[in-house]
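Okay, input.txt is below, compact mmCIF, C-alpha atoms and all ligand atoms:
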# COMPACT_ATOMS: atom_id res chain seq x y z
CA MET A 1 -4.90 -3.69 24.31
CA SER A 2 -7.30 -0.94 25.36
CA ALA A 3 -11.01 -1.12 24.59
CA SER A 4 -12.14 1.18 21.78
CA THR A 5 -15.35 3.12 21.55
CA VAL A 6 -14.85 3.64 17.80
CA ALA A 7 -15.13 0.75 15.36
CA VAL A 8 -14.32 0.52 11.68
CA ILE A 9 -16.11 -2.14 9.67
CA LEU A 10 -13.92 -2.71 6.65
CA VAL A 11 -15.97 -4.47 3.99
CA ALA A 12 -13.80 -6.62 1.76
CA ALA A 13 -16.08 -9.53 0.90
CA GLY A 14 -16.86 -8.58 -2.71
CA SER A 15 -15.55 -10.62 -5.61
CA GLY A 16 -14.58 -7.68 -7.82
CA THR A 17 -16.48 -8.82 -10.92
CA ARG A 18 -15.77 -5.60 -12.79
CA LEU A 19 -12.06 -5.73 -11.98
CA GLY A 20 -11.89 -9.18 -13.55
CA HIS A 21 -8.93 -10.37 -11.45
CA PRO A 22 -8.76 -14.03 -10.38
CA GLU A 23 -8.41 -13.02 -6.71
CA PRO A 24 -11.28 -11.40 -4.77
CA LYS A 25 -10.78 -7.65 -5.17
CA ALA A 26 -9.47 -6.86 -1.68
CA PHE A 27 -6.77 -9.53 -2.11
CA VAL A 28 -5.43 -8.05 -5.34
CA PRO A 29 -1.95 -6.53 -4.90
CA ILE A 30 -1.08 -2.89 -5.51
CA GLY A 31 2.70 -2.85 -5.59
CA THR A 32 3.70 -5.50 -3.10
CA ARG A 33 0.74 -5.21 -0.73
CA THR A 34 -2.89 -6.14 -1.08
CA MET A 35 -5.72 -3.64 -1.22
CA LEU A 36 -6.86 -4.98 2.14
CA GLU A 37 -3.45 -4.41 3.75
CA LEU A 38 -3.27 -0.86 2.40
CA ALA A 39 -6.78 -0.08 3.63
CA VAL A 40 -5.92 -1.50 7.06
CA ASP A 41 -2.80 0.71 7.18
CA ALA A 42 -5.01 3.79 6.92
CA VAL A 43 -7.41 2.53 9.58
CA LEU A 44 -4.56 1.77 11.97
CA GLY A 45 -3.17 5.23 11.28
CA MET A 46 -6.24 6.86 12.89
CA ARG A 47 -5.68 9.17 15.85
CA GLU A 48 -7.96 7.05 18.03
CA THR A 49 -7.17 3.36 17.56
CA PRO A 50 -10.44 1.67 16.60
CA HIS A 51 -11.89 -1.78 17.01
CA LEU A 52 -11.34 -3.23 13.54
CA VAL A 53 -13.84 -5.61 11.97
CA LEU A 54 -12.78 -7.11 8.66
CA VAL A 55 -15.52 -8.61 6.54
CA VAL A 56 -14.04 -10.94 3.92
CA PRO A 57 -15.17 -13.83 1.68
CA ALA A 58 -15.99 -16.90 3.78
CA ASP A 59 -13.01 -18.87 2.44
CA ARG A 60 -10.57 -16.05 3.25
CA VAL A 61 -11.27 -15.52 6.93
CA ASP A 62 -8.19 -17.35 8.21
CA GLU A 63 -5.91 -15.93 5.55
CA ALA A 64 -7.06 -12.37 6.30
CA ARG A 65 -6.64 -12.87 10.04
CA ARG A 66 -3.09 -14.14 9.53
CA ALA A 67 -2.24 -11.23 7.25
CA ILE A 68 -3.67 -8.48 9.42
CA ALA A 69 -3.33 -9.66 13.04
CA PRO A 70 0.35 -8.65 13.46
CA ALA A 71 -0.29 -5.06 12.36
CA ALA A 72 -3.48 -4.81 14.43
CA ASP A 73 -1.66 -6.18 17.48
CA ALA A 74 1.21 -3.77 17.01
CA ALA A 75 -1.25 -0.87 16.85
CA GLY A 76 -3.21 -2.15 19.85
CA ALA A 77 -6.40 -2.49 17.78
CA PRO A 78 -8.87 -5.25 18.71
CA LEU A 79 -9.50 -7.30 15.56
CA ASP A 80 -12.43 -9.40 14.37
CA VAL A 81 -12.52 -11.14 11.02
CA VAL A 82 -15.89 -12.37 9.79
CA ALA A 83 -17.40 -13.85 6.65
CA GLY A 84 -19.41 -11.49 4.46
CA GLY A 85 -22.71 -11.96 2.68
CA ASP A 86 -24.00 -11.90 -0.88
CA SER A 87 -24.44 -8.13 -0.96
CA ARG A 88 -22.43 -5.30 0.53
CA GLN A 89 -25.31 -4.55 2.87
CA GLU A 90 -25.31 -8.13 4.19
CA SER A 91 -21.55 -7.89 4.67
CA VAL A 92 -21.89 -4.70 6.73
CA ALA A 93 -24.64 -6.37 8.77
CA ALA A 94 -22.31 -9.31 9.50
CA GLY A 95 -19.68 -6.87 10.73
CA LEU A 96 -22.15 -4.94 12.89
CA GLU A 97 -23.12 -8.10 14.73
CA ARG A 98 -19.57 -8.39 16.04
CA LEU A 99 -19.33 -5.01 17.70
CA PRO A 100 -18.82 -4.99 21.44
CA HIS A 101 -21.31 -2.98 23.55
CA LEU A 102 -18.70 -0.38 24.35
CA VAL A 103 -18.58 0.89 20.76
CA ASP A 104 -20.60 4.06 20.28
CA THR A 105 -19.33 5.29 16.90
CA VAL A 106 -19.12 3.12 13.79
CA LEU A 107 -17.42 3.83 10.48
CA VAL A 108 -18.11 1.63 7.48
CA HIS A 109 -15.39 1.66 4.85
CA ASP A 110 -14.82 -0.07 1.50
CA ALA A 111 -11.53 -1.97 1.25
CA ALA A 112 -11.88 -1.05 -2.43
CA ARG A 113 -10.82 2.51 -1.45
CA PRO A 114 -7.35 1.52 -0.20
CA LEU A 115 -5.66 4.90 -0.64
CA THR A 116 -8.05 6.85 1.60
CA PRO A 117 -5.82 8.83 3.99
CA ALA A 118 -6.18 8.25 7.75
CA PRO A 119 -7.20 11.87 8.51
CA VAL A 120 -10.43 11.35 6.55
CA PHE A 121 -11.39 8.71 9.13
CA ASP A 122 -10.45 11.06 11.97
CA GLU A 123 -12.60 13.85 10.57
CA VAL A 124 -15.60 11.56 10.17
CA VAL A 125 -15.26 10.30 13.76
CA GLU A 126 -14.96 13.83 15.06
CA ALA A 127 -18.01 15.04 13.12
CA VAL A 128 -20.16 12.05 14.20
CA ARG A 129 -19.30 12.78 17.81
CA ALA A 130 -19.81 16.53 17.52
CA ARG A 131 -23.11 16.38 15.63
CA GLY A 132 -24.58 13.09 16.78
CA HIS A 133 -25.75 11.95 13.35
CA GLY A 134 -24.54 10.31 10.14
CA ILE A 135 -21.46 11.78 8.42
CA ILE A 136 -20.27 10.93 4.91
CA PRO A 137 -17.28 12.29 2.99
CA ALA A 138 -18.20 13.74 -0.40
CA LEU A 139 -16.60 15.54 -3.32
CA PRO A 140 -18.22 18.18 -5.51
CA VAL A 141 -19.24 16.97 -8.95
CA VAL A 142 -16.94 18.77 -11.38
CA ASP A 143 -18.26 17.54 -14.72
CA THR A 144 -21.43 18.88 -16.24
CA VAL A 145 -24.16 16.37 -15.45
CA LYS A 146 -26.97 15.44 -17.87
CA ARG A 147 -30.04 13.37 -17.38
CA VAL A 148 -30.45 10.96 -20.31
CA ASP A 149 -33.10 8.52 -21.52
CA THR A 150 -32.86 5.34 -19.49
CA VAL A 151 -33.64 3.19 -22.50
CA PRO A 152 -31.04 3.33 -25.30
CA ARG A 153 -32.24 3.85 -28.89
CA ALA A 154 -31.85 1.20 -31.57
CA ASP A 155 -28.27 2.37 -32.38
CA GLY A 156 -27.31 2.17 -28.70
CA SER A 157 -27.18 5.94 -28.17
CA ARG A 158 -29.07 7.65 -25.38
CA ARG A 159 -30.73 11.01 -25.80
CA VAL A 160 -30.10 13.90 -23.44
CA VAL A 161 -33.19 14.92 -21.53
CA GLU A 162 -31.79 17.84 -19.54
CA THR A 163 -28.76 19.34 -17.83
CA VAL A 164 -28.84 18.83 -14.08
CA ASP A 165 -27.80 21.60 -11.67
CA ARG A 166 -24.60 20.11 -10.33
CA SER A 167 -24.29 22.60 -7.47
CA ALA A 168 -26.81 20.45 -5.62
CA LEU A 169 -24.91 17.24 -6.27
CA VAL A 170 -21.96 15.55 -4.58
CA ALA A 171 -20.17 12.25 -5.17
CA VAL A 172 -19.99 10.32 -1.93
CA GLN A 173 -17.24 8.10 -0.60
CA THR A 174 -16.47 6.05 2.46
CA PRO A 175 -15.73 5.88 5.41
CA GLN A 176 -19.32 6.69 6.36
CA GLY A 177 -19.76 7.22 10.08
CA PHE A 178 -22.77 6.89 12.38
CA PRO A 179 -23.69 6.82 16.04
CA ARG A 180 -23.76 3.11 16.73
CA ASP A 181 -27.39 3.00 17.87
CA ALA A 182 -28.57 4.77 14.69
CA LEU A 183 -26.79 2.31 12.43
CA ASP A 184 -27.99 -0.69 14.46
CA ARG A 185 -31.55 0.62 14.21
CA ALA A 186 -31.25 1.17 10.44
CA TYR A 187 -29.86 -2.32 9.79
CA ALA A 188 -32.44 -3.95 12.04
CA ALA A 189 -35.21 -2.28 10.04
CA ALA A 190 -33.74 -2.85 6.55
CA THR A 191 -36.07 -4.63 4.17
CA GLU A 192 -34.48 -3.58 0.88
CA ASP A 193 -31.00 -3.16 -0.51
CA PHE A 194 -29.56 0.37 -0.50
CA THR A 195 -26.51 1.56 -2.40
CA ASP A 196 -24.76 2.93 0.67
CA ASP A 197 -25.06 3.00 4.43
CA ALA A 198 -26.16 6.63 4.44
CA ALA A 199 -29.18 5.80 2.27
CA LEU A 200 -30.08 2.93 4.58
CA ALA A 201 -29.69 5.16 7.64
CA ALA A 202 -31.74 7.93 6.02
CA SER A 203 -34.52 5.39 5.38
CA VAL A 204 -35.13 5.20 9.14
CA GLY A 205 -34.90 8.95 9.60
CA VAL A 206 -31.23 9.32 10.54
CA VAL A 207 -29.91 12.77 9.58
CA VAL A 208 -26.80 12.59 7.40
CA ASP A 209 -24.31 15.43 6.72
CA VAL A 210 -21.45 15.56 4.27
CA VAL A 211 -17.89 16.54 5.12
CA PRO A 212 -15.17 17.16 2.52
CA GLY A 213 -13.99 13.93 0.90
CA ASP A 214 -10.56 13.25 -0.53
CA ALA A 215 -9.66 12.53 -4.16
CA ARG A 216 -7.48 9.65 -2.97
CA ALA A 217 -10.49 7.89 -1.51
CA TYR A 218 -11.65 6.82 -4.97
CA LYS A 219 -12.98 3.32 -5.39
CA ILE A 220 -11.09 0.74 -7.38
CA THR A 221 -13.71 -0.76 -9.64
CA VAL A 222 -12.24 -1.46 -13.11
CA PRO A 223 -8.67 -2.34 -14.22
CA ALA A 224 -7.86 1.31 -15.07
CA ASP A 225 -8.50 2.24 -11.41
CA LEU A 226 -5.99 -0.40 -10.35
CA ARG A 227 -3.35 1.00 -12.71
CA ARG A 228 -3.98 4.48 -11.29
CA ALA A 229 -3.48 3.14 -7.77
CA GLU A 230 -0.25 1.39 -8.78
CA GLN A 231 1.10 4.72 -10.01
CA ALA A 232 0.07 6.43 -6.79
CA VAL A 233 1.73 3.96 -4.44
CA PRO A 234 5.32 5.32 -4.25
CA ALA A 235 7.31 3.38 -6.84
CA ALA A 236 10.14 2.60 -4.49
CA GLY A 237 8.05 2.30 -1.35
CA PRO A 238 7.39 -1.41 -1.17
CA HIS A 239 10.86 -2.30 -2.39
CA VAL A 240 12.69 0.00 -0.04
CA ARG A 241 10.62 -1.38 2.82
CA ALA A 242 11.23 -4.91 1.68
CA SER A 243 14.97 -4.51 1.28
CA ALA A 244 15.23 -2.78 4.63
CA VAL A 245 14.10 -5.99 6.30
CA GLY A 246 16.29 -8.04 4.02
CA THR A 247 13.56 -9.66 1.96
CA PRO A 248 13.36 -8.00 -1.42
CA SER A 249 10.08 -8.83 -3.04
CA ALA A 250 8.74 -8.90 -6.56
CA PRO A 251 7.68 -5.73 -8.33
CA ALA A 252 4.00 -4.93 -8.73
CA SER A 253 2.09 -7.12 -11.14
CA ASP A 254 2.90 -4.74 -13.97
CA PRO A 255 4.82 -1.70 -12.75
CA GLY A 256 6.18 -1.07 -16.26
CA PRO A 257 9.72 0.16 -16.90
CA ARG A 258 11.53 2.24 -14.30
CA ILE A 259 14.61 4.45 -14.63
CA GLY A 260 17.23 5.38 -12.10
CA THR A 261 20.19 7.76 -11.86
CA GLY A 262 23.46 7.22 -10.05
CA ILE A 263 26.44 9.52 -9.51
CA ASP A 264 29.82 8.73 -8.04
CA VAL A 265 32.92 10.83 -7.46
CA HIS A 266 36.41 9.70 -6.52
CA GLY A 267 39.53 11.81 -6.10
CA PHE A 268 42.89 10.73 -7.52
CA ALA A 269 45.18 9.09 -4.97
CA ASP A 270 48.17 11.10 -3.76
CA ASP A 271 50.62 8.31 -4.47
CA ALA A 272 51.73 6.98 -7.83
CA GLU A 273 51.45 3.33 -6.76
CA THR A 274 47.66 3.03 -6.49
CA PRO A 275 46.50 1.37 -9.72
CA LEU A 276 43.65 2.90 -11.67
CA TRP A 277 40.54 0.76 -12.03
CA LEU A 278 37.75 2.35 -14.01
CA ALA A 279 34.77 0.94 -15.89
CA GLY A 280 35.79 -2.54 -14.81
CA LEU A 281 39.21 -2.20 -16.48
CA HIS A 282 42.75 -1.80 -15.19
CA TRP A 283 44.52 1.23 -16.68
CA PRO A 284 48.29 0.66 -16.43
CA GLY A 285 50.39 3.80 -16.07
CA GLU A 286 47.46 5.97 -14.95
CA ARG A 287 47.14 7.49 -11.48
CA GLY A 288 44.65 5.55 -9.37
CA LEU A 289 41.51 6.76 -7.60
CA SER A 290 41.26 6.73 -3.83
CA GLY A 291 38.40 5.13 -1.95
CA HIS A 292 37.41 2.35 0.40
CA SER A 293 37.07 0.06 -2.60
CA ASP A 294 39.06 0.27 -5.84
CA GLY A 295 37.51 3.69 -6.54
CA ASP A 296 35.83 2.59 -9.79
CA ALA A 297 33.39 5.50 -10.00
CA VAL A 298 31.85 4.14 -13.21
CA SER A 299 30.89 0.80 -11.69
CA HIS A 300 29.61 2.47 -8.52
CA ALA A 301 27.46 4.97 -10.43
CA ILE A 302 25.95 2.09 -12.41
CA CYS A 303 25.16 0.22 -9.17
CA ASP A 304 23.38 3.28 -7.79
CA ALA A 305 21.41 3.82 -11.00
CA LEU A 306 20.28 0.18 -11.01
CA LEU A 307 19.37 0.15 -7.32
CA ALA A 308 17.51 3.45 -7.66
CA ALA A 309 15.54 2.21 -10.66
CA ALA A 310 14.50 -0.93 -8.77
CA GLY A 311 13.75 1.01 -5.60
CA LEU A 312 16.32 -1.00 -3.66
CA GLY A 313 18.14 1.86 -1.99
CA ASP A 314 21.73 2.70 -2.83
CA ILE A 315 25.21 1.25 -2.85
CA GLY A 316 26.09 2.82 0.52
CA GLY A 317 23.13 1.11 2.13
CA MET A 318 23.95 -2.20 0.50
CA PHE A 319 27.71 -2.42 1.00
CA GLY A 320 28.47 -0.05 3.94
CA THR A 321 32.01 1.35 3.90
CA ASP A 322 32.68 -0.27 7.28
CA ASP A 323 32.22 -3.70 5.75
CA THR A 324 35.75 -5.09 5.48
CA ARG A 325 34.69 -7.64 2.86
CA PHE A 326 34.57 -4.81 0.35
CA ALA A 327 37.82 -3.06 1.26
CA GLY A 328 39.69 -2.73 -2.04
CA ALA A 329 37.00 -4.70 -3.88
CA HIS A 330 36.74 -4.26 -7.62
CA GLY A 331 33.72 -2.69 -9.26
CA GLU A 332 32.76 -6.07 -10.63
CA VAL A 333 32.02 -7.34 -7.09
CA PHE A 334 29.54 -4.53 -6.44
CA LEU A 335 28.02 -4.78 -9.88
CA ALA A 336 27.54 -8.53 -9.73
CA GLU A 337 25.88 -8.30 -6.31
CA THR A 338 23.66 -5.45 -7.50
CA VAL A 339 22.59 -7.43 -10.55
CA ARG A 340 21.83 -10.41 -8.32
CA ARG A 341 19.73 -8.29 -5.95
CA LEU A 342 17.70 -6.88 -8.83
CA ALA A 343 17.02 -10.35 -10.21
CA GLU A 344 15.99 -11.51 -6.76
CA ALA A 345 13.54 -8.61 -6.49
CA GLY A 346 12.01 -9.54 -9.85
CA TRP A 347 13.66 -6.98 -12.14
CA ARG A 348 15.56 -7.41 -15.37
CA ILE A 349 17.88 -4.76 -16.71
CA GLY A 350 16.98 -3.02 -19.97
CA ASN A 351 20.11 -0.96 -20.55
CA VAL A 352 22.55 1.35 -18.83
CA THR A 353 24.35 4.47 -19.99
CA VAL A 354 27.20 6.06 -18.12
CA GLN A 355 29.13 9.23 -18.69
CA VAL A 356 32.58 9.82 -17.24
CA VAL A 357 33.51 13.41 -16.46
CA GLY A 358 37.26 14.05 -16.14
CA ASN A 359 40.49 14.77 -17.95
CA ARG A 360 42.15 11.40 -17.52
CA PRO A 361 42.31 8.64 -18.47
CA LYS A 362 41.56 9.20 -22.16
CA LEU A 363 38.60 6.92 -22.55
CA ALA A 364 38.14 6.84 -26.30
CA PRO A 365 40.86 4.29 -27.11
CA ARG A 366 39.37 1.74 -24.68
CA ARG A 367 35.74 2.68 -24.86
CA ALA A 368 34.67 -0.44 -26.77
CA GLU A 369 36.58 -2.61 -24.33
CA ALA A 370 34.95 -0.88 -21.34
CA GLN A 371 31.49 -1.27 -22.84
CA GLU A 372 32.11 -4.93 -23.54
CA GLU A 373 33.33 -5.63 -20.01
CA LEU A 374 30.47 -3.76 -18.31
CA THR A 375 27.91 -5.33 -20.64
CA ARG A 376 29.25 -8.75 -19.69
CA ILE A 377 28.99 -8.05 -15.97
CA VAL A 378 25.61 -6.33 -16.07
CA GLY A 379 24.09 -8.76 -18.56
CA ALA A 380 22.50 -5.93 -20.55
CA PRO A 381 23.84 -3.28 -22.94
CA VAL A 382 26.02 -0.69 -21.23
CA SER A 383 27.19 2.33 -23.19
CA VAL A 384 30.04 4.49 -21.97
CA ALA A 385 30.71 8.11 -22.91
CA ALA A 386 33.21 10.64 -21.62
CA THR A 387 33.59 14.39 -21.44
CA THR A 388 35.77 17.05 -19.84
CA THR A 389 34.61 20.22 -18.14
CA ASP A 390 36.66 22.76 -20.03
CA GLY A 391 39.16 23.10 -17.18
CA LEU A 392 36.42 23.99 -14.69
CA GLY A 393 35.84 22.50 -11.26
CA PHE A 394 37.65 19.62 -9.60
CA THR A 395 37.37 17.44 -12.66
CA GLY A 396 38.75 20.26 -14.81
CA ARG A 397 41.68 20.67 -12.44
CA GLY A 398 42.38 16.96 -12.69
CA GLU A 399 41.65 16.28 -8.99
CA GLY A 400 39.18 13.48 -9.57
CA ILE A 401 36.50 11.85 -11.68
CA THR A 402 32.73 11.98 -11.73
CA ALA A 403 30.59 9.26 -13.29
CA ILE A 404 26.87 9.67 -13.97
CA ALA A 405 24.80 6.64 -14.89
CA THR A 406 21.22 6.07 -15.98
CA ALA A 407 19.61 2.64 -15.87
CA LEU A 408 16.36 1.25 -17.19
CA VAL A 409 14.85 -1.79 -15.47
CA LEU A 410 11.76 -3.81 -16.28
CA PRO A 411 9.71 -6.44 -14.50
CA ALA A 412 11.42 -9.79 -15.12
N1 LIG A 501 -18.46 -5.87 -0.61
C1 LIG A 501 -18.65 -6.79 0.41
N2 LIG A 501 -19.53 -7.81 0.26
C2 LIG A 501 -20.23 -7.96 -0.88
C3 LIG A 501 -20.03 -7.02 -1.94
C4 LIG A 501 -19.14 -5.99 -1.76
O1 LIG A 501 -18.01 -6.68 1.45
N3 LIG A 501 -21.04 -8.97 -1.01
C5 LIG A 501 -17.46 -4.81 -0.44
C6 LIG A 501 -16.34 -4.91 -1.46
O2 LIG A 501 -15.36 -5.84 -1.01
C7 LIG A 501 -15.84 -3.50 -1.57
C8 LIG A 501 -17.05 -2.66 -1.22
O3 LIG A 501 -18.03 -3.55 -0.69
O4 LIG A 501 -14.79 -3.22 -0.66
C9 LIG A 501 -17.59 -1.90 -2.43
O5 LIG A 501 -18.09 -2.83 -3.37
P1 LIG A 501 -17.65 -2.92 -4.90
O6 LIG A 501 -16.69 -1.87 -5.24
O7 LIG A 501 -18.89 -3.08 -5.71
O8 LIG A 501 -16.83 -4.30 -4.89
P2 LIG A 501 -17.23 -5.69 -5.50
O9 LIG A 501 -18.65 -5.99 -5.21
O10 LIG A 501 -16.21 -6.65 -5.00
O11 LIG A 501 -16.98 -5.45 -7.04
P3 LIG A 501 -18.00 -5.78 -8.25
O12 LIG A 501 -19.27 -5.03 -7.93
O13 LIG A 501 -17.29 -5.30 -9.46
O14 LIG A 501 -18.18 -7.28 -8.22
MG MG A 502 -20.25 -4.73 -6.01
Show me the file's structure as structure tokens.
Ligand code: CTP
Ligand code: MG
Amino acid sequence: MSASTVAVILVAAGSGTRLGHPEPKAFVPIGTRTMLELAVDAVLGMRETPHLVLVVPADRVDEARRAIAPAADAAGAPLDVVAGGDSRQESVAAGLERLPHLVDTVLVHDAARPLTPAPVFDEVVEAVRARGHGIIPALPVVDTVKRVDTVPRADGSRRVVETVDRSALVAVQTPQGFPRDALDRAYAAATEDFTDDAALAASVGVVVDVVPGDARAYKITVPADLRRAEQAVPAAGPHVRASAVGTPSAPASDPGPRIGTGIDVHGFADDAETPLWLAGLHWPGERGLSGHSDGDAVSHAICDALLAAAGLGDIGGMFGTDDTRFAGAHGEVFLAETVRRLAEAGWRIGNVTVQVVGNRPKLAPRRAEAQEELTRIVGAPVSVAATTTDGLGFTGRGEGITAIATALVLPA
């Protein structure tokens, strides 16, 4: 582990009163990971690996260390975890006390801005070094800004006093970066509470410049901000990651419904002996489909739609064609395992629709039977439709079958 001259103090000791979640704000999940973990990801993604100081509620120090140490170790980042104070400023001060002498550049960042991209940190570090003073990321104010009466009238309304020239205004974010000695000096001299580190630094005469901020660095303050963040974290991301290491995990606290699409194609076998299995049914007298399994394109398309909706990858990834256990296996085997995996990952199935594209077999006479069988296996309504392609393409020439499925899944 190499010594770092850059440190990031990640303040995560607030309770999140306005968010109203039972957990302290930084420990609230977005998807399958906590705000703190997401914020740490960005910090560890910096070009220059920093010394990381986490400031968390006093009763969460051990938990935070356990959660973050493996990632910090893997990135080669020295890690300190300390208890915060009653105000954000006190929490930053607690973090500052931990910095080794070697550190010459300090960034202070809110864990409540978990989606801030790593390059924002890099730019702040670079600007602090190049200019030798405070650097804060900021966005232009896009709305028209009015000054209003500070005291509401009897009916609760507040009267507009004037329109403010917004060209002179910016909305500031974190990470805020400073030469270490300037920030130390500012904190040592602090006698009042400031709303951000830049204001505190400015109070002792430190020059502060803005650099362009990033819309994704917004602060999660109220429940609507959390919902926005849940949408922004790639829907499938946490699940794909989780399934890749073989431990599917529950969906986000309320990810809402998700849909998925699956397509499968199988060609008809050359011989007349291969039986046809389609939509979970055996079709006596019909030419069979070729494939590693029984070639049931309908069942396979449904598996893919379900896995896609739940963000669990696809059927190829789950049942590799080199796996001899599935040689010749019926669609039901794949479907049942898929349904089990979804349940394990915390999803229930809303419904599934599937359309078969091909000339044969004629589906209509057994459509109800197919729907019943698939509904039984999937444990949710499955509707089956069929169409031909007017003699066009491989399906039109009777060389094979395509099945296209759509699935809706919901948090269990
Ligand atoms: N913070 C901190 N110590 C405190 C208060 C806040 O480390 N005593 C941190 C928060 O964890 C957050 C950042 O400062 O990452 C910005 O604060 P804010 O968004 O206000 O978070 P909370 O104070 O937790 O939320 P609230 O004000 O709604 O209670
Ligand atoms: Mg606060």
* Tell me which of A:Glu48, A:Glu23, A:Asp41, A:Asp110 sits closest to ligand MG 502 (chain A), counting only C-alpha atoms and all ligand atoms. => A:Asp110
* Distance query Pro119 of chain A at most 10 Å, all atoms listed in the file, self and fewer than 2 positions along chain excluded, as a list in words ->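 Answer for this query is Ala42, Val43, Gly45, Met46, Arg47, Thr116, Pro117, Phe121, Asp122, Glu123, Val124, Val125 and Asp214 of chain A.
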* Structure fact -> Expressed in Å, the length from atom CA of Thr144 of chain A to atom CA of Ala215 of chain A is 18.0 Å
* For His21 of chain A, which residue out of A:Thr221, A:Thr395, A:Thr375, A:Asn351 is the nearest one, using all atoms listed in the file? ->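 Smallest separation from His21 of chain A among the options: A:Thr221.
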* Asked: Can I get the residues close to ligand MG 502 (chain A) as a list in words, where close means within 12 Å and we count only C-alpha atoms and all ligand atoms?
  -> Val11, Ala12, Ala13, Gly14, Ser15, Gly16, Thr17, Arg18, Leu19, Pro24, Lys25, Ala26, Gly85, Asp86, Ser87, Arg88, Gln89, Glu90, Ser91, Asp110, Ala111, Ala112, Phe194, Thr195, Asp196, Lys219, Ile220, Thr221 and Val222 of chain A
* Among the residues A:Gly95, A:Pro179, A:Pro29, A:Pro284, the one that comes closest to Pro361 of chain A [using all atoms listed in the file] ->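 Among the listed residues, the smallest separation from Pro361 of chain A belongs to A:Pro284.
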* One decimal, Å: what's the distance from atom CA of Val142 of chain A over to atom CA of Ala130 of chain A, could you say? => 29.1 Å
* So what do you get for atom CA of Asn359 of chain A versus atom CA of Ala380 of chain A, distance-wise? ->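 Going from atom CA of Asn359 of chain A over to atom CA of Ala380 of chain A covers 27.5 Å.
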* Quick one: of A:Thr338, A:Ser383, A:Gln173, A:Gln371, who's nearest to Gly313 of chain A, counting only C-alpha atoms? -> A:Thr338
* Asked: Which of these residues is nearest to ligand LIG 501 (chain A), using all atoms listed in the file: A:Ala72, A:Ala405, A:Leu139, A:Met35?
  ->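 Closest to ligand LIG 501 (chain A) of all the choices is A:Met35.
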* **Selection: 12 Å around segment 64-66 of chain A, only C-alpha atoms, excl. self and same-chain fewer than 3 positions, as a VMD selection string** => chain A and resid 10 12 to 13 24 26 to 27 34 to 37 40 52 to 61 69 to 73 78 to 83
* For Tyr218 of chain A, which residue out of A:His300, A:His266, A:Arg131, A:His109 is the nearest one, using only C-alpha atoms? ->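 The answer is A:His109, which sits nearest to Tyr218 of chain A.
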